Amino acid sequence: MLDSNAEEKNATPHQASAKRKWLLRGLKVAVFLVVVWFIGDTMRTGINDLWNSRQPLEFHAGWLSLAGVLYFVGMMPCAVFWHRILWALGQRPTFFESLRAYHIGHLGKYVPGKALVVVLRSSLVKGPRVDPAIAAASVFLETFTMMAVGAGL
């Protein structure tokens, strides 16, 4: 009877590489499933706590409006940064065009794949002063920069 070490020694490099590749894929799938399970459990717990709370749910227009304004103000530095990227790449949108495209583009995050963010932003700033291909590239540049900043922090 051969032990597993003897089988690995007799395996070609290609077979060993393929085995490692499948093992890595299996590990990634397992980690993904664990994360999905924990997210689902957290969502179930939160929803149950919400429905079992003794206080009725109330929505106040003032608080919702304040939350919207604070969200808008909080995203302003990112919008300004994207506007400056466009200018650094030789594009000349107005500040309002960049700001509008940046904030409306966030709606694309709710579409699976998030590719609609790029489409929305680049189509909203395109024009005689802005090349849509460069605008699309600037979206990736802004996103990767923000990810790097988050990782650094």
# chains A, B, ... in the order shown; residues from 1 in each chain; ligands from 1

call {"tool": "select_by_dssp", "arguments": {"residues": "stretch 2-130 of chain A", "states": "alpha helix (DSSP H)", "output": "ChimeraX atom specification"}}
result
/A:4-10,13-52,61-88,95-105,115-125

call {"tool": "residues_around", "arguments": {"residues": "A:Leu141", "least_positions_apart": "6", "cutoff": "12 Å", "atoms": "only C-alpha atoms", "output": "list in words"}}
result
Cys78, Phe81, Trp82, His83, Arg84, Ile85, Leu86, Ala88, Leu89, Val118, Ile134, Ala135, Met147 and Ala148 of chain A

call {"tool": "residues_around", "arguments": {"residues": "A:Phe72", "least_positions_apart": "3", "cutoff": "12 Å", "atoms": "only C-alpha atoms", "output": "short mmCIF file (atom, residue, chain, number, x, y, z; two decimals) with N, CA and C atoms, in the first residue's frame"}}
result
data_model
loop_
_atom_site.label_atom_id
_atom_site.label_comp_id
_atom_site.auth_asym_id
_atom_site.auth_seq_id
_atom_site.Cartn_x
_atom_site.Cartn_y
_atom_site.Cartn_z
N SER A 65 -33.68 63.54 6.81
CA SER A 65 -33.09 64.63 6.03
C SER A 65 -31.70 64.97 6.54
N LEU A 66 -31.56 65.03 7.86
CA LEU A 66 -30.24 65.31 8.45
C LEU A 66 -29.24 64.22 8.07
N ALA A 67 -29.67 62.97 8.09
CA ALA A 67 -28.79 61.87 7.71
C ALA A 67 -28.36 62.01 6.25
N GLY A 68 -29.28 62.40 5.38
CA GLY A 68 -28.95 62.60 3.97
C GLY A 68 -27.96 63.72 3.76
N VAL A 69 -28.16 64.83 4.48
CA VAL A 69 -27.24 65.97 4.37
C VAL A 69 -25.87 65.58 4.89
N MET A 75 -19.28 62.72 1.99
CA MET A 75 -18.71 62.23 0.73
C MET A 75 -18.06 63.34 -0.09
N MET A 76 -18.20 64.58 0.35
CA MET A 76 -17.62 65.70 -0.40
C MET A 76 -16.11 65.60 -0.62
N PRO A 77 -15.31 65.24 0.39
CA PRO A 77 -13.87 65.13 0.12
C PRO A 77 -13.55 64.13 -0.98
N CYS A 78 -14.27 63.03 -1.03
CA CYS A 78 -14.05 62.03 -2.08
C CYS A 78 -14.45 62.58 -3.44
N ALA A 79 -15.55 63.32 -3.48
CA ALA A 79 -16.00 63.92 -4.74
C ALA A 79 -15.01 64.96 -5.24
N LEU A 99 -19.41 66.84 -9.18
CA LEU A 99 -20.14 66.58 -7.94
C LEU A 99 -21.42 65.79 -8.21
N ARG A 100 -22.16 66.21 -9.21
CA ARG A 100 -23.41 65.52 -9.58
C ARG A 100 -23.13 64.09 -10.02
N TYR A 102 -20.53 62.22 -9.35
CA TYR A 102 -19.99 61.42 -8.24
C TYR A 102 -21.12 60.90 -7.35
N HIS A 103 -22.01 61.79 -6.95
CA HIS A 103 -23.06 61.39 -6.02
C HIS A 103 -24.12 60.52 -6.68
N ILE A 104 -24.49 60.81 -7.90
CA ILE A 104 -25.46 59.95 -8.60
C ILE A 104 -24.84 58.59 -8.89
N HIS A 106 -23.11 56.82 -7.06
CA HIS A 106 -23.22 55.92 -5.92
C HIS A 106 -24.44 55.00 -6.03
#

call {"tool": "closest_residue", "arguments": {"among": "A:Val130, A:Val111, A:Leu116, A:Leu24", "to": "A:Ser98", "atoms": "only C-alpha atoms"}}
result
A:Val130

call {"tool": "atom_distance", "arguments": {"atom1": "atom CA of A:Leu124", "atom2": "atom CA of A:Lys109"}}
result
15.7 Å

call {"tool": "atom_distance", "arguments": {"atom1": "atom CA of A:Gly113", "atom2": "atom CA of A:Glu97"}}
result
24.6 Å

call {"tool": "atom_distance", "arguments": {"atom1": "atom CA of A:Val139", "atom2": "atom CA of A:Leu107"}}
result
14.2 Å

call {"tool": "decode", "arguments": {"residues": "stretch 38-54 of chain A", "atoms": "all heavy atoms", "output": "compact mmCIF listing (two decimals), in the first residue's frame"}}
result
# COMPACT_ATOMS: atom_id res chain seq x y z
N PHE A 38 -22.16 33.81 8.53
CA PHE A 38 -22.11 34.79 9.62
C PHE A 38 -22.90 36.05 9.28
O PHE A 38 -23.59 36.60 10.14
CB PHE A 38 -20.67 35.15 9.97
CG PHE A 38 -20.02 34.16 10.89
CD1 PHE A 38 -19.01 33.34 10.44
CD2 PHE A 38 -20.43 34.05 12.20
CE1 PHE A 38 -18.41 32.43 11.28
CE2 PHE A 38 -19.84 33.14 13.06
CZ PHE A 38 -18.82 32.32 12.59
N ILE A 39 -22.83 36.50 8.05
CA ILE A 39 -23.61 37.68 7.65
C ILE A 39 -25.10 37.37 7.76
O ILE A 39 -25.88 38.17 8.30
CB ILE A 39 -23.24 38.13 6.22
CG1 ILE A 39 -21.84 38.74 6.22
CG2 ILE A 39 -24.27 39.13 5.69
CD1 ILE A 39 -21.31 39.03 4.83
N GLY A 40 -25.50 36.20 7.27
CA GLY A 40 -26.91 35.81 7.37
C GLY A 40 -27.37 35.71 8.80
O GLY A 40 -28.48 36.14 9.14
N ASP A 41 -26.52 35.14 9.67
CA ASP A 41 -26.87 35.02 11.08
C ASP A 41 -27.03 36.40 11.73
O ASP A 41 -27.96 36.64 12.50
CB ASP A 41 -25.80 34.21 11.81
CG ASP A 41 -26.20 33.91 13.24
OD1 ASP A 41 -27.31 33.38 13.45
OD2 ASP A 41 -25.39 34.23 14.15
N THR A 42 -26.11 37.31 11.40
CA THR A 42 -26.19 38.67 11.93
C THR A 42 -27.46 39.36 11.45
O THR A 42 -28.14 40.05 12.22
CB THR A 42 -24.95 39.48 11.52
OG1 THR A 42 -23.79 38.83 12.02
CG2 THR A 42 -25.01 40.89 12.06
N MET A 43 -27.79 39.17 10.18
CA MET A 43 -29.01 39.79 9.63
C MET A 43 -30.25 39.21 10.32
O MET A 43 -31.16 39.96 10.69
CB MET A 43 -29.09 39.57 8.12
CG MET A 43 -27.95 40.16 7.35
SD MET A 43 -28.25 41.73 6.58
CE MET A 43 -29.76 41.54 5.75
N ARG A 44 -30.29 37.89 10.48
CA ARG A 44 -31.45 37.26 11.14
C ARG A 44 -31.60 37.78 12.57
O ARG A 44 -32.70 38.12 13.02
CB ARG A 44 -31.30 35.74 11.16
CG ARG A 44 -31.70 35.05 9.88
CD ARG A 44 -31.73 33.54 10.04
NE ARG A 44 -30.42 32.99 10.38
CZ ARG A 44 -29.45 32.73 9.50
NH1 ARG A 44 -29.66 32.97 8.23
NH2 ARG A 44 -28.29 32.23 9.89
N THR A 45 -30.49 37.86 13.30
CA THR A 45 -30.53 38.36 14.68
C THR A 45 -31.01 39.81 14.72
O THR A 45 -31.86 40.16 15.55
CB THR A 45 -29.14 38.25 15.32
OG1 THR A 45 -28.71 36.89 15.27
CG2 THR A 45 -29.16 38.73 16.76
N GLY A 46 -30.47 40.64 13.84
CA GLY A 46 -30.86 42.04 13.81
C GLY A 46 -32.33 42.23 13.47
O GLY A 46 -33.03 43.03 14.10
N ILE A 47 -32.81 41.49 12.48
CA ILE A 47 -34.22 41.59 12.09
C ILE A 47 -35.13 41.11 13.22
O ILE A 47 -36.14 41.73 13.52
CB ILE A 47 -34.47 40.83 10.77
CG1 ILE A 47 -33.80 41.58 9.62
CG2 ILE A 47 -35.96 40.66 10.51
CD1 ILE A 47 -33.78 40.82 8.31
N ASN A 48 -34.75 39.99 13.84
CA ASN A 48 -35.55 39.50 14.97
C ASN A 48 -35.57 40.50 16.12
O ASN A 48 -36.63 40.75 16.72
CB ASN A 48 -35.01 38.15 15.47
CG ASN A 48 -35.36 37.02 14.53
OD1 ASN A 48 -36.31 37.10 13.76
ND2 ASN A 48 -34.57 35.96 14.58
N ASP A 49 -34.42 41.08 16.44
CA ASP A 49 -34.38 42.09 17.50
C ASP A 49 -35.23 43.30 17.14
O ASP A 49 -35.91 43.87 18.01
CB ASP A 49 -32.94 42.55 17.75
CG ASP A 49 -32.09 41.48 18.42
OD1 ASP A 49 -32.66 40.46 18.87
OD2 ASP A 49 -30.85 41.66 18.46
N LEU A 50 -35.21 43.68 15.88
CA LEU A 50 -36.00 44.83 15.44
C LEU A 50 -37.49 44.56 15.59
O LEU A 50 -38.24 45.37 16.12
CB LEU A 50 -35.65 45.18 14.00
CG LEU A 50 -36.32 46.40 13.39
CD1 LEU A 50 -35.85 47.65 14.12
CD2 LEU A 50 -35.96 46.51 11.92
N TRP A 51 -37.92 43.39 15.13
CA TRP A 51 -39.35 43.07 15.19
C TRP A 51 -39.82 42.76 16.60
O TRP A 51 -40.99 42.95 16.93
CB TRP A 51 -39.68 41.90 14.27
CG TRP A 51 -39.63 42.30 12.83
CD1 TRP A 51 -38.77 41.84 11.90
CD2 TRP A 51 -40.45 43.27 12.16
NE1 TRP A 51 -38.98 42.45 10.69
CE2 TRP A 51 -40.02 43.34 10.82
CE3 TRP A 51 -41.50 44.10 12.55
CZ2 TRP A 51 -40.60 44.19 9.88
CZ3 TRP A 51 -42.08 44.94 11.62
CH2 TRP A 51 -41.62 44.98 10.30
N ASN A 52 -38.91 42.29 17.47
CA ASN A 52 -39.30 41.95 18.84
C ASN A 52 -39.13 43.11 19.81
O ASN A 52 -39.43 42.96 20.99
CB ASN A 52 -38.49 40.75 19.34
CG ASN A 52 -38.83 39.49 18.58
OD1 ASN A 52 -39.95 39.32 18.11
ND2 ASN A 52 -37.87 38.59 18.46
N SER A 53 -38.66 44.24 19.33
CA SER A 53 -38.50 45.38 20.23
C SER A 53 -39.87 45.88 20.67
O SER A 53 -40.86 45.74 19.96
CB SER A 53 -37.72 46.51 19.55
OG SER A 53 -38.47 47.08 18.51
N ARG A 54 -39.91 46.45 21.84
CA ARG A 54 -41.18 46.89 22.41
C ARG A 54 -41.62 48.24 21.86
O ARG A 54 -42.76 48.63 22.02
CB ARG A 54 -41.09 46.93 23.92
CG ARG A 54 -40.77 45.59 24.51
CD ARG A 54 -40.98 45.58 26.00
NE ARG A 54 -40.58 44.32 26.57
CZ ARG A 54 -41.37 43.27 26.68
NH1 ARG A 54 -42.61 43.34 26.27
NH2 ARG A 54 -40.93 42.16 27.24
